[in-house]
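Printed here is query32.pdb (PDB, C-alpha atoms, pLDDT in the B column):
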```pdb
ATOM      1  CA  MET A   1       0.000   0.000   0.000  1.00 77.00           C
ATOM      2  CA  PRO A   2       1.718   3.230  -1.145  1.00 89.00           C
ATOM      3  CA  ARG A   3       2.413   5.843   1.535  1.00 92.00           C
ATOM      4  CA  ILE A   4       1.985   9.459   0.481  1.00 95.00           C
ATOM      5  CA  LEU A   5       3.007  12.620   2.319  1.00 95.00           C
ATOM      6  CA  VAL A   6       0.688  15.571   1.672  1.00 96.00           C
ATOM      7  CA  ILE A   7       2.363  18.923   2.411  1.00 96.00           C
ATOM      8  CA  GLU A   8      -0.423  21.503   2.210  1.00 95.00           C
ATOM      9  CA  ASP A   9      -1.305  24.438   4.470  1.00 94.00           C
ATOM     10  CA  ASP A  10      -4.982  24.634   3.445  1.00 93.00           C
ATOM     11  CA  GLU A  11      -6.928  22.093   5.510  1.00 94.00           C
ATOM     12  CA  VAL A  12      -9.823  21.775   3.040  1.00 95.00           C
ATOM     13  CA  THR A  13      -7.476  21.043   0.141  1.00 94.00           C
ATOM     14  CA  ALA A  14      -5.404  18.658   2.256  1.00 95.00           C
ATOM     15  CA  ARG A  15      -8.469  16.658   3.311  1.00 95.00           C
ATOM     16  CA  GLU A  16      -9.623  16.514  -0.297  1.00 95.00           C
ATOM     17  CA  ILE A  17      -6.269  15.089  -1.379  1.00 95.00           C
ATOM     18  CA  VAL A  18      -6.081  12.596   1.502  1.00 95.00           C
ATOM     19  CA  THR A  19      -9.644  11.383   0.858  1.00 95.00           C
ATOM     20  CA  GLU A  20      -9.052  10.919  -2.871  1.00 94.00           C
ATOM     21  CA  LEU A  21      -5.798   9.042  -2.324  1.00 95.00           C
ATOM     22  CA  ALA A  22      -7.505   6.767   0.209  1.00 93.00           C
ATOM     23  CA  ALA A  23     -10.185   5.988  -2.383  1.00 92.00           C
ATOM     24  CA  HIS A  24      -7.366   4.777  -4.655  1.00 91.00           C
ATOM     25  CA  GLY A  25      -5.895   2.464  -2.026  1.00 90.00           C
ATOM     26  CA  MET A  26      -3.171   4.761  -0.675  1.00 93.00           C
ATOM     27  CA  VAL A  27      -2.329   5.869   2.856  1.00 92.00           C
ATOM     28  CA  ALA A  28      -1.643   9.591   3.254  1.00 93.00           C
ATOM     29  CA  ASP A  29      -0.141  11.651   6.079  1.00 93.00           C
ATOM     30  CA  TRP A  30      -0.638  15.413   6.248  1.00 94.00           C
ATOM     31  CA  ALA A  31       1.915  18.086   7.123  1.00 93.00           C
ATOM     32  CA  ALA A  32       0.529  21.620   7.368  1.00 94.00           C
ATOM     33  CA  THR A  33       3.827  23.518   7.064  1.00 94.00           C
ATOM     34  CA  GLY A  34       6.943  23.305   4.954  1.00 93.00           C
ATOM     35  CA  CYS A  35       9.168  22.758   8.000  1.00 94.00           C
ATOM     36  CA  ALA A  36       7.033  19.855   9.249  1.00 92.00           C
ATOM     37  CA  GLY A  37       6.835  18.401   5.755  1.00 93.00           C
ATOM     38  CA  LEU A  38      10.604  18.544   5.342  1.00 93.00           C
ATOM     39  CA  GLU A  39      11.096  16.722   8.653  1.00 91.00           C
ATOM     40  CA  TYR A  40       8.654  13.941   7.737  1.00 90.00           C
ATOM     41  CA  ALA A  41       9.941  13.603   4.184  1.00 91.00           C
ATOM     42  CA  SER A  42      13.581  13.443   5.272  1.00 87.00           C
ATOM     43  CA  ALA A  43      12.876  10.167   7.058  1.00 78.00           C
ATOM     44  CA  GLY A  44      12.589   8.586   3.616  1.00 65.00           C
ATOM     45  CA  THR A  45       9.590   6.390   4.459  1.00 79.00           C
ATOM     46  CA  TYR A  46       7.204   7.766   1.814  1.00 90.00           C
ATOM     47  CA  ASP A  47       6.651   6.558  -1.742  1.00 92.00           C
ATOM     48  CA  LEU A  48       5.595   9.998  -3.013  1.00 95.00           C
ATOM     49  CA  ILE A  49       5.052  13.567  -1.838  1.00 96.00           C
ATOM     50  CA  THR A  50       2.407  16.061  -2.933  1.00 97.00           C
ATOM     51  CA  LEU A  51       3.818  19.513  -2.252  1.00 95.00           C
ATOM     52  CA  ASP A  52       1.999  22.836  -2.232  1.00 94.00           C
ATOM     53  CA  ARG A  53       4.047  25.558  -3.917  1.00 90.00           C
ATOM     54  CA  MET A  54       2.786  28.417  -1.737  1.00 89.00           C
ATOM     55  CA  LEU A  55       3.480  27.519   1.885  1.00 91.00           C
ATOM     56  CA  PRO A  56       3.914  30.035   4.714  1.00 86.00           C
ATOM     57  CA  GLY A  57       7.462  30.438   5.983  1.00 85.00           C
ATOM     58  CA  MET A  58       9.259  27.693   4.097  1.00 91.00           C
ATOM     59  CA  SER A  59       7.932  27.589   0.531  1.00 92.00           C
ATOM     60  CA  GLY A  60       7.445  24.481  -1.561  1.00 92.00           C
ATOM     61  CA  ILE A  61      10.511  25.416  -3.604  1.00 94.00           C
ATOM     62  CA  ASP A  62      12.552  25.652  -0.383  1.00 94.00           C
ATOM     63  CA  VAL A  63      11.278  22.247   0.752  1.00 94.00           C
ATOM     64  CA  ILE A  64      12.086  20.393  -2.446  1.00 94.00           C
ATOM     65  CA  THR A  65      15.479  22.106  -2.746  1.00 94.00           C
ATOM     66  CA  ALA A  66      16.353  20.995   0.791  1.00 93.00           C
ATOM     67  CA  LEU A  67      15.155  17.447   0.091  1.00 92.00           C
ATOM     68  CA  ARG A  68      17.272  17.082  -3.018  1.00 91.00           C
ATOM     69  CA  GLU A  69      20.287  18.529  -1.199  1.00 91.00           C
ATOM     70  CA  ARG A  70      19.779  15.815   1.426  1.00 88.00           C
ATOM     71  CA  ARG A  71      19.658  13.230  -1.391  1.00 87.00           C
ATOM     72  CA  VAL A  72      16.034  12.359  -0.699  1.00 88.00           C
ATOM     73  CA  GLU A  73      14.871  11.174  -4.123  1.00 88.00           C
ATOM     74  CA  THR A  74      11.198  10.565  -3.273  1.00 92.00           C
ATOM     75  CA  PRO A  75       9.084  11.651  -6.301  1.00 94.00           C
ATOM     76  CA  VAL A  76       7.282  14.966  -5.797  1.00 94.00           C
ATOM     77  CA  LEU A  77       4.053  16.208  -7.361  1.00 95.00           C
ATOM     78  CA  MET A  78       3.996  19.982  -6.957  1.00 93.00           C
ATOM     79  CA  ILE A  79       0.555  21.573  -6.619  1.00 93.00           C
ATOM     80  CA  SER A  80       0.092  25.315  -7.010  1.00 87.00           C
ATOM     81  CA  ALA A  81      -2.278  28.095  -7.930  1.00 84.00           C
ATOM     82  CA  LEU A  82       0.629  29.614  -9.876  1.00 81.00           C
ATOM     83  CA  SER A  83       0.025  28.418 -13.426  1.00 73.00           C
ATOM     84  CA  GLU A  84       2.525  30.561 -15.334  1.00 79.00           C
ATOM     85  CA  VAL A  85       5.021  28.626 -17.440  1.00 78.00           C
ATOM     86  CA  ASP A  86       7.981  30.185 -15.595  1.00 80.00           C
ATOM     87  CA  GLU A  87       6.630  28.980 -12.250  1.00 79.00           C
ATOM     88  CA  ARG A  88       6.061  25.449 -13.540  1.00 80.00           C
ATOM     89  CA  VAL A  89       9.570  25.357 -14.982  1.00 84.00           C
ATOM     90  CA  ARG A  90      11.026  26.650 -11.708  1.00 84.00           C
ATOM     91  CA  GLY A  91       9.257  23.937  -9.727  1.00 83.00           C
ATOM     92  CA  LEU A  92      10.424  21.175 -12.050  1.00 87.00           C
ATOM     93  CA  ARG A  93      13.998  22.430 -12.151  1.00 87.00           C
ATOM     94  CA  ALA A  94      14.108  22.583  -8.358  1.00 87.00           C
ATOM     95  CA  GLY A  95      13.503  18.840  -8.322  1.00 89.00           C
ATOM     96  CA  GLY A  96       9.762  18.326  -8.854  1.00 90.00           C
ATOM     97  CA  ASP A  97       8.672  15.376 -10.963  1.00 90.00           C
ATOM     98  CA  ASP A  98       5.303  16.786 -12.058  1.00 90.00           C
ATOM     99  CA  TYR A  99       3.308  19.988 -11.638  1.00 89.00           C
ATOM    100  CA  LEU A 100      -0.462  20.312 -11.136  1.00 89.00           C
ATOM    101  CA  THR A 101      -2.234  23.674 -11.018  1.00 87.00           C
ATOM    102  CA  LYS A 102      -5.138  24.630  -8.758  1.00 88.00           C
ATOM    103  CA  PRO A 103      -8.058  24.240  -8.973  1.00 89.00           C
ATOM    104  CA  PHE A 104      -7.654  20.600  -9.953  1.00 89.00           C
ATOM    105  CA  ALA A 105      -9.899  17.580 -10.388  1.00 89.00           C
ATOM    106  CA  PRO A 106      -9.215  15.104  -7.563  1.00 91.00           C
ATOM    107  CA  ASP A 107      -9.228  12.119  -9.923  1.00 89.00           C
ATOM    108  CA  GLU A 108      -6.596  13.789 -12.120  1.00 89.00           C
ATOM    109  CA  MET A 109      -4.438  14.391  -9.059  1.00 92.00           C
ATOM    110  CA  ALA A 110      -4.739  10.725  -8.091  1.00 92.00           C
ATOM    111  CA  ALA A 111      -3.958   9.643 -11.648  1.00 90.00           C
ATOM    112  CA  ARG A 112      -0.794  11.751 -11.682  1.00 89.00           C
ATOM    113  CA  VAL A 113       0.255  10.207  -8.358  1.00 93.00           C
ATOM    114  CA  GLU A 114      -0.281   6.702  -9.757  1.00 91.00           C
ATOM    115  CA  VAL A 115       1.784   7.499 -12.861  1.00 88.00           C
ATOM    116  CA  LEU A 116       4.661   8.846 -10.759  1.00 90.00           C
ATOM    117  CA  LEU A 117       4.543   5.779  -8.505  1.00 90.00           C
ATOM    118  CA  ARG A 118       4.773   3.456 -11.519  1.00 84.00           C
ATOM    119  CA  ARG A 119       7.574   5.517 -13.040  1.00 81.00           C
ATOM    120  CA  HIS A 120       9.673   5.372  -9.881  1.00 75.00           C
ATOM    121  CA  GLN A 121       8.956   1.784  -8.914  1.00 69.00           C
ATOM    122  CA  PRO A 122      12.321   0.078  -8.364  1.00 58.00           C
ATOM    123  CA  GLN A 123      13.082  -2.776 -10.716  1.00 49.00           C
ATOM    124  CA  ALA A 124      14.740  -4.862  -8.033  1.00 51.00           C
ATOM    125  CA  GLU A 125      14.507  -3.918  -4.374  1.00 64.00           C
ATOM    126  CA  ASN A 126      17.808  -4.520  -2.634  1.00 84.00           C
ATOM    127  CA  ARG A 127      17.727  -2.161   0.345  1.00 88.00           C
ATOM    128  CA  LEU A 128      15.238  -1.068   3.001  1.00 92.00           C
ATOM    129  CA  ARG A 129      15.657   2.172   4.954  1.00 92.00           C
ATOM    130  CA  VAL A 130      13.906   3.698   7.955  1.00 93.00           C
ATOM    131  CA  ALA A 131      15.567   6.881   9.249  1.00 92.00           C
ATOM    132  CA  ASP A 132      19.264   5.934   9.682  1.00 93.00           C
ATOM    133  CA  LEU A 133      18.501   2.194   9.857  1.00 95.00           C
ATOM    134  CA  GLU A 134      19.289   0.285   6.646  1.00 95.00           C
ATOM    135  CA  LEU A 135      18.882  -3.326   5.621  1.00 94.00           C
ATOM    136  CA  ASP A 136      20.876  -4.719   2.691  1.00 92.00           C
ATOM    137  CA  LEU A 137      18.647  -7.464   1.265  1.00 90.00           C
ATOM    138  CA  VAL A 138      21.405  -8.818  -0.967  1.00 84.00           C
ATOM    139  CA  ARG A 139      24.193  -9.149   1.607  1.00 88.00           C
ATOM    140  CA  HIS A 140      21.808  -9.709   4.564  1.00 90.00           C
ATOM    141  CA  VAL A 141      23.507  -6.984   6.584  1.00 93.00           C
ATOM    142  CA  ALA A 142      21.872  -4.288   8.728  1.00 95.00           C
ATOM    143  CA  TYR A 143      23.325  -0.842   9.494  1.00 95.00           C
ATOM    144  CA  ARG A 144      22.413   1.825  12.033  1.00 93.00           C
ATOM    145  CA  GLY A 145      23.976   5.210  11.379  1.00 88.00           C
ATOM    146  CA  GLY A 146      26.316   3.566   8.886  1.00 90.00           C
ATOM    147  CA  GLN A 147      27.625   1.059  11.431  1.00 91.00           C
ATOM    148  CA  PRO A 148      27.044  -2.670  10.752  1.00 94.00           C
ATOM    149  CA  LEU A 149      24.909  -4.641  13.200  1.00 95.00           C
ATOM    150  CA  SER A 150      25.523  -8.241  14.164  1.00 94.00           C
ATOM    151  CA  LEU A 151      22.164 -10.018  13.803  1.00 95.00           C
ATOM    152  CA  LEU A 152      21.227 -13.649  14.191  1.00 94.00           C
ATOM    153  CA  PRO A 153      19.124 -15.135  11.333  1.00 92.00           C
ATOM    154  CA  THR A 154      15.830 -14.850  13.227  1.00 93.00           C
ATOM    155  CA  GLU A 155      16.641 -11.284  14.283  1.00 95.00           C
ATOM    156  CA  TYR A 156      17.327 -10.418  10.646  1.00 95.00           C
ATOM    157  CA  ARG A 157      13.966 -11.863   9.518  1.00 93.00           C
ATOM    158  CA  LEU A 158      12.191 -10.038  12.331  1.00 95.00           C
ATOM    159  CA  LEU A 159      13.847  -6.738  11.430  1.00 96.00           C
ATOM    160  CA  GLU A 160      13.034  -7.189   7.741  1.00 94.00           C
ATOM    161  CA  PHE A 161       9.353  -7.758   8.547  1.00 92.00           C
ATOM    162  CA  LEU A 162       9.247  -4.685  10.794  1.00 95.00           C
ATOM    163  CA  MET A 163      10.974  -2.510   8.190  1.00 94.00           C
ATOM    164  CA  ARG A 164       8.798  -3.708   5.295  1.00 89.00           C
ATOM    165  CA  ASN A 165       5.810  -2.597   7.367  1.00 89.00           C
ATOM    166  CA  SER A 166       7.356   0.563   8.780  1.00 90.00           C
ATOM    167  CA  GLY A 167       4.873   2.793  10.569  1.00 88.00           C
ATOM    168  CA  GLN A 168       2.263   0.060  10.971  1.00 87.00           C
ATOM    169  CA  VAL A 169       1.307  -1.554  14.271  1.00 89.00           C
ATOM    170  CA  LEU A 170       2.062  -5.267  13.969  1.00 91.00           C
ATOM    171  CA  SER A 171       0.360  -7.680  16.337  1.00 87.00           C
ATOM    172  CA  ARG A 172       2.233 -10.555  17.938  1.00 86.00           C
ATOM    173  CA  THR A 173       0.166 -12.960  15.832  1.00 82.00           C
ATOM    174  CA  MET A 174       1.209 -11.227  12.598  1.00 86.00           C
ATOM    175  CA  ILE A 175       4.862 -11.174  13.615  1.00 88.00           C
ATOM    176  CA  PHE A 176       4.906 -14.784  14.752  1.00 85.00           C
ATOM    177  CA  GLU A 177       3.204 -16.162  11.636  1.00 81.00           C
ATOM    178  CA  HIS A 178       5.326 -14.139   9.195  1.00 82.00           C
ATOM    179  CA  VAL A 179       8.705 -14.570  10.891  1.00 87.00           C
ATOM    180  CA  TRP A 180       8.410 -18.038  12.424  1.00 83.00           C
ATOM    181  CA  GLY A 181       6.008 -19.396   9.818  1.00 73.00           C
ATOM    182  CA  PHE A 182       3.457 -21.182  11.978  1.00 65.00           C
ATOM    183  CA  HIS A 183       0.429 -20.458  14.149  1.00 65.00           C
ATOM    184  CA  PHE A 184       0.945 -18.149  17.106  1.00 60.00           C
ATOM    185  CA  ASP A 185       0.896 -19.624  20.592  1.00 69.00           C
ATOM    186  CA  PRO A 186      -0.421 -16.905  22.950  1.00 70.00           C
ATOM    187  CA  GLY A 187       1.390 -18.589  25.829  1.00 74.00           C
ATOM    188  CA  THR A 188       4.874 -18.009  24.413  1.00 80.00           C
ATOM    189  CA  ASN A 189       7.064 -14.970  25.045  1.00 87.00           C
ATOM    190  CA  VAL A 190       9.450 -15.715  22.159  1.00 89.00           C
ATOM    191  CA  ILE A 191       8.457 -12.534  20.291  1.00 90.00           C
ATOM    192  CA  ASP A 192       9.061 -10.292  23.303  1.00 91.00           C
ATOM    193  CA  VAL A 193      12.450 -11.950  23.865  1.00 93.00           C
ATOM    194  CA  HIS A 194      13.547 -11.407  20.260  1.00 94.00           C
ATOM    195  CA  ILE A 195      12.209  -7.841  20.186  1.00 96.00           C
ATOM    196  CA  GLY A 196      14.216  -7.156  23.343  1.00 95.00           C
ATOM    197  CA  ARG A 197      17.402  -8.524  21.758  1.00 96.00           C
ATOM    198  CA  LEU A 198      16.776  -6.523  18.582  1.00 96.00           C
ATOM    199  CA  ARG A 199      16.227  -3.342  20.589  1.00 95.00           C
ATOM    200  CA  ARG A 200      19.525  -3.778  22.412  1.00 95.00           C
ATOM    201  CA  LYS A 201      21.335  -3.922  19.059  1.00 95.00           C
ATOM    202  CA  ILE A 202      19.411  -1.180  17.236  1.00 95.00           C
ATOM    203  CA  ASP A 203      18.198   1.318  19.827  1.00 93.00           C
ATOM    204  CA  VAL A 204      21.529   1.819  21.556  1.00 88.00           C
ATOM    205  CA  ALA A 205      22.201   4.657  23.984  1.00 83.00           C
ATOM    206  CA  GLY A 206      22.494   8.039  22.302  1.00 85.00           C
ATOM    207  CA  LEU A 207      20.311   7.145  19.307  1.00 90.00           C
ATOM    208  CA  PRO A 208      16.554   7.758  18.923  1.00 92.00           C
ATOM    209  CA  ALA A 209      14.474   4.650  19.584  1.00 94.00           C
ATOM    210  CA  LEU A 210      12.900   3.179  16.448  1.00 96.00           C
ATOM    211  CA  ILE A 211      11.084   0.119  17.829  1.00 96.00           C
ATOM    212  CA  ARG A 212       7.986   1.073  19.819  1.00 94.00           C
ATOM    213  CA  THR A 213       5.716  -1.064  21.987  1.00 94.00           C
ATOM    214  CA  VAL A 214       2.032  -0.292  21.369  1.00 92.00           C
ATOM    215  CA  ARG A 215       0.405  -1.426  24.582  1.00 90.00           C
ATOM    216  CA  GLY A 216      -2.219  -4.099  24.016  1.00 87.00           C
ATOM    217  CA  SER A 217      -1.602  -4.187  20.259  1.00 88.00           C
ATOM    218  CA  GLY A 218       1.953  -5.156  19.379  1.00 91.00           C
ATOM    219  CA  TYR A 219       5.002  -3.379  17.999  1.00 94.00           C
ATOM    220  CA  ARG A 220       5.761  -0.648  15.486  1.00 94.00           C
ATOM    221  CA  LEU A 221       9.047   0.375  13.854  1.00 95.00           C
ATOM    222  CA  ALA A 222       9.087   4.008  12.771  1.00 92.00           C
ATOM    223  CA  PRO A 223      11.357   7.086  12.755  1.00 89.00           C
ATOM    224  CA  ALA A 224      11.680   8.896  16.054  1.00 77.00           C
ATOM    225  CA  ASP A 225       9.053  11.588  16.699  1.00 68.00           C
TER
END
```

Could you show the structure in this file as C-alpha cells?
Amino acid sequence: MPRILVIEDDEVTAREIVTELAAHGMVADWAATGCAGLEYASAGTYDLITLDRMLPGMSGIDVITALRERRVETPVLMISALSEVDERVRGLRAGGDDYLTKPFAPDEMAARVEVLLRRHQPQAENRLRVADLELDLVRHVAYRGGQPLSLLPTEYRLLEFLMRNSGQVLSRTMIFEHVWGFHFDPGTNVIDVHIGRLRRKIDVAGLPALIRTVRGSGYRLAPAD
C-alpha cells in the first residue's frame, strides 16, 4: 500500500487530497507547514510527496530544494495556484517530478500520483531504509547510522518484517506467523524476547528509539518523533 506525504497548508485542500488518495488504495499523512513536511519527508519512508508551492514560511521550492540537497529522491508532485510557465519550470527544475495547477480535479491528481509511482517503482529492491537504519537485502547486513549490526538469522527476519511494514502496528500474531512461519501460541514470550534482543542492538544509547511497543496491540518500527 503506497504511503503518500501531503504537504499543504490549506486544511480543506489537504483533506480533499487525503480522501481521494484513500479511495485509490493509498495511505496519506498530512503536514501543514513546509518545516514539518521537510522533517517527515527526510525520514525517507514515503513513496511519493504532494507539495503545495505556496506555503507560509518555508515555501514548496525551499522544501524540495532541501530534500534534493539531502539526497532524498522521493518523487514529488507539486501543486500550485501559480500556473505561469515560468513557475512550472522553476518547480520542475528545483527537483519536482510533475506539476499540477489549482483548482484541480481530484481524480486527475490521483492519476498523476499513480503514474509517478509506476515511473519510480524500483526494478529490483535490494535495500530497506527507515531513518538511519538500513537493511541490505542482498548481503543480509543491517546498518544503524552507517555502522554494521551483528544479527542472528531470526533477528534479521524479524527486522526485515518490521521494516517492510514501517509505521504500521504489527500484532504478535502477525509477527509470529510471518517470521516463524506457523500459528501463534499466545502462551509463548518468544516474540518479546527477540524484540528485546533486537532493541539492544538497534536502539543503543544516544540514538533515537525506532522500535515502539504499542500497549495491548503489538510493535511498530518508525522514525523517532

Work out how far atom CA of A:Arg3 is from atom CA of A:Tyr46, in Å to one decimal.
5.2 Å

Pick out the closest residue to A:Phe176 from this set: A:Gly218, A:Gly60, A:Gly146, A:Gly25. Count only C-alpha atoms.
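Ranked by minimum distance to A:Phe176, first place goes to A:Gly218.
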
Since I can't run it myself right now, could you work out what the PyMOL selection byres ((chain A and resi 155) around 10) selects here and report it as a PyMOL selection string?
chain A and resi 150-154+156-161+179+194-195+197-198+201

So what does the PyMOL selection byres ((chain A and resi 9) around 8) actually pick up in this one, as a list in words?
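Answer for the PyMOL selection byres ((chain A and resi 9) around 8): Ile7, Glu8, Asp10, Glu11, Ala14, Ala31, Ala32, Thr33, Asp52, Leu55 and Pro56 of chain A.
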
Using atom CA of A:Val18 and atom CA of A:Glu69 as the two end points, give the distance in Å to one decimal.
27.2 Å

Just checking: using only C-alpha atoms, which residue out of A:Leu133, A:Val6, A:Leu38, A:Val169 ends up closest to A:Val63?
A:Leu38

Chain and number of each residue from the PyMOL selection byres ((chain A and resi 132) around 7), as number ranges by chain:
A: 130-131, 133-134, 144-145

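You can rank A:Val85, A:Leu221, A:Asp97, A:Gly34 by their closest distance to A:Leu117 using all atoms listed in the file, and at the top of that list sits A:Asp97.
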
Looking at A:Leu137, A:Ile49, A:Ala66, A:Leu210, which one is nearest to A:Asp98, with distances taken over all atoms listed in the file?
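Nearest candidate to A:Asp98 out of A:Leu137, A:Ile49, A:Ala66, A:Leu210: A:Ile49.
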
Go ahead and compute the interatomic distance for atom CA of A:Leu51 and atom CA of A:Asp86, in Å to one decimal.
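Answer for the atom CA of A:Leu51 to atom CA of A:Asp86 separation: 17.6 Å.
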
For A:Met174, find every residue with an atom within 12 Å (counting only C-alpha atoms), except residues of its own chain fewer than 4 positions away, and show them as a PyMOL selection string.
chain A and resi 158+161-162+165+168-170+178-186+191+217-220

Nearest to A:Arg112, chosen from A:Glu87, A:Trp30, A:Leu48, A:Val193, with only C-alpha atoms counted in the distances:
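Counting only C-alpha atoms, the residue closest to A:Arg112 is A:Leu48.
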
Write out as a list of chain:residue names which residues come within 9 Å of A:Glu73 when counting all atoms listed in the file, dropping same-chain ones fewer than 3 positions away.
A:Gly44, A:Leu67, A:Arg68, A:Arg70, A:Val76, A:Gly95

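Using only C-alpha atoms, the nearest neighbour of A:Ile61 within the list A:Val204, A:Cys35, A:Ala43, A:Val113 is A:Cys35.
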
Do you know which residues are at most 8 Å from A:Pro106 counting all atoms listed in the file, after dropping those on the same chain fewer than 2 positions away, and could you put them as a ChimeraX atom specification?
/A:16-17,20,104,108-110

Can you pull out every residue within 12 Å of A:Lys102, counting all atoms listed in the file, but drop anything in the same chain fewer than 3 positions away, and send it as an MDAnalysis selection string?
chainID A and resid 13 52:54 78:84 99 105:106 108:109

Restricted to C-alpha atoms, what would the selected residues look like written as a PDB file, in the frame of the given file?
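Below you can see part09.pdb, which holds the result:
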```pdb
ATOM      1  CA  THR A  13      -7.476  21.043   0.141  1.00 94.00           C
ATOM      2  CA  ASP A  52       1.999  22.836  -2.232  1.00 94.00           C
ATOM      3  CA  ARG A  53       4.047  25.558  -3.917  1.00 90.00           C
ATOM      4  CA  MET A  54       2.786  28.417  -1.737  1.00 89.00           C
ATOM      5  CA  MET A  78       3.996  19.982  -6.957  1.00 93.00           C
ATOM      6  CA  ILE A  79       0.555  21.573  -6.619  1.00 93.00           C
ATOM      7  CA  SER A  80       0.092  25.315  -7.010  1.00 87.00           C
ATOM      8  CA  ALA A  81      -2.278  28.095  -7.930  1.00 84.00           C
ATOM      9  CA  LEU A  82       0.629  29.614  -9.876  1.00 81.00           C
ATOM     10  CA  SER A  83       0.025  28.418 -13.426  1.00 73.00           C
ATOM     11  CA  GLU A  84       2.525  30.561 -15.334  1.00 79.00           C
ATOM     12  CA  TYR A  99       3.308  19.988 -11.638  1.00 89.00           C
ATOM     13  CA  ALA A 105      -9.899  17.580 -10.388  1.00 89.00           C
ATOM     14  CA  PRO A 106      -9.215  15.104  -7.563  1.00 91.00           C
ATOM     15  CA  GLU A 108      -6.596  13.789 -12.120  1.00 89.00           C
ATOM     16  CA  MET A 109      -4.438  14.391  -9.059  1.00 92.00           C
TER      17      MET A 109
END
```
